[in-house]
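*Asks:* Got a structure for you, written out below as structure tokens; questions coming shortly.
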Amino acid sequence: MKLKLLILFCSMALSIGFAQNHNGIDSLKLALKSANTDSAKFSLHFKIYREYVEFNNDSALYHVEQQIAIAEQNNMKLAQADGLETKGYVLQRFGKYAESLQTLNQALGIAKNPINEIRNWYPDSLGNPHEFRLRILGYIQLDLGHVMGSTNNTETQVSHYKEAIRVATEINGYELLGLASMNLGSVYLYTLNELDSAIQMQQTALKSFQKGGHKKWLSTIFGILGVIYLRKKENKMAVDYFQKAIQASYEVNNLENVFLGYLSLTDHYINQQNRDSSLFYAHKAGELIRLQPAALTKNSDELYYILLSKSYKLNNKVDSAYKYLNLAYFLKDSSYQAQIKNLTDVQKILFEERTRAEKSEKEKIAFQNRIRQYTLLGGFGVVMIVALLLYRNNIQKQKANIELEKTLGNLTATQTQLIQKEKLASLGELTAGIAHEIQNPLNFVNNFSELSVDLVKDLKDEIEKPDIDKEYVGELFTDLASNQQKINHHGKRASNIVKGMLEHSRSSTGVKEPTDINKLVDESIRLSYHAMRAKDKNFNADYTM
């Protein structure tokens with residue numbers, strides 16, 4: 001019985017939880033009649049659907065189909081996918097899982113294509129077109145998880161919920177993240193019996209709903225946590241959560257969750273052998289059935305009759321217990337037949353999808369094999385053409401090589417002549433540079449020798465005087481000695497230049513000898529400088545070592 005209660009609470013995770021507002025529906029229908037644009041009509045049909053869903057699924061489905069038709073007429077693909085996702089959800093509410101699966105797969109095919117982001121009717125408050133497309137994808141994954149869970153395909157159900165969580169995290173969608181986490185936690189609880197993981201996912205869902213300001217699902221989370229703590233044998237905490245679930249359900253007028261909360265407490269007190277409390281909460285649930293029969297499901301009716309029967313049995317009221325047990329079995333039999341048909345239809349669709357996928361894969365492989373064959377044949381043809389072209393090119397190249405050899409000979413002769421001319425020109429420039437370089441120290445030698453002659457005359461005149469000025473004579477000797485040193489220095493410079501030229505003109509022996517790099521650079525710079533001066537007398541430059 002605890003498992004049955006848990007499954008019902010988890011099924012409530014599908015619920016949007018809107019309260020029906022007749023005044024709101026009437027005003028929306030009046031607005032729909034006066035709407036002038038398709039985008040306004042589309043939006044109003046969606047708002048009316050939200051008022052009907054969970055209370056009048058036939059009307060909800062009608063307005064969803066109107067949405068889809070308007071979107072198709074205007075080629076608004078994202079809007080069409082959104083409508084199909086909503087229709088798939090409503091079909092789940094009817095228990096038409098096969099039709100729901102087909103509708104959601106159609107929506108998934110549209111929403112996966114990024115090109116459909118180009119046209120949309122949605123305001124900026126819902127994010128940019130890319131985020132809105134991802135949001136639709138996330139809700140489609142969520143609904144597919146519901147369908148797989150309802151048809152006992154647990155592994156596929158978990159993968160759909162995890163994909164919905166991934167998308168919700170990417171777009172910061174608190175509502176989607178809460179719903180996906182809540183439903184995944186339910187799978188961890190009643191299918192996989194992983195209680196710690198179930199609590200963790202419910203806590204994640206609770207935080208997400210609180211951040212996004214979504215109160216309508218809090219009652220479902222509290223109810224599921226109550227069942228979890230019953231499994232953990234923490235009865236007091238379980239009862240507290242059931243009471244929280246009932247209070248939260250009343251706050252959003254979700255009578256079905258109120259009903260399930262009462263049934264949960266009834267089941268708990270039956271297991272505790274508490275006659276009064278079990279019968280009290282069973283009667284509280286019965287009052288809701290009498291007040292709002294349209295708000296409750298057949299599955300919850302069946303569970304109610306079973307628990308009421310057990311409660312009467314606990315209170316030794318055998319006739320009443322037998323009566324409600326028969327009612328429960330009657331509902332169970334009719335719902336079982338419908339469930340078998342739904343499961344069969346879904347498995348048929350899944351089989352057809354796998355068959356189509358396998359056929360598509362085989363066709364893909366065959367196509368790839370044909371492409372490979374055509375590629376090989378084409379490659380062989382290309383190789384033959386290339387071989388012919390290479391043969392023809394080889395003949396042409398042989399002819400061209402003969403012409404090139406002749407041209408090369410002419411070019412070599414011309415190059416030799418140019419090199420000779422360049423050498424002669426370089427030799428002329430070098431000779432001019434050397435001449436200027438030698439001229440410089442020779443000018444110093446000539447100048448200082450002339451000065452020395454004048455100094456000798458002055459010295460001779462001073463010696464012949466009766467009163468010799470010894471200090472002056474000493475200065476003349478000093479200057480004369482200095483001039484001789486400078487004449488010697490610049491004479492050596494000229495000698496080194498000549499020596500260097502002689503060494504340069506000698507054929508090299510290939511023996512490496514030590515060289516003063518600074519001196520070599522200095523000589524090279526001076527030669528270059530004088531070579532430039534020989535070309536252009538106006539050229540002038542300074543250099544330092």
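Naming works like this for the structure tokens: A, B, ... for the chains as they're shown, residue 1 at the start of each chain, ligands 1 onward in shown order.
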Name the residues in contact with region 240-246 of chain A at a cut-off of 9 Å, using only C-alpha atoms, excluding same-chain residues fewer than 3 positions from it; report them as a PyMOL selection string.
*Replies:* chain A and resi 218-227+229+235-237+249-251+255+257-262+264-265
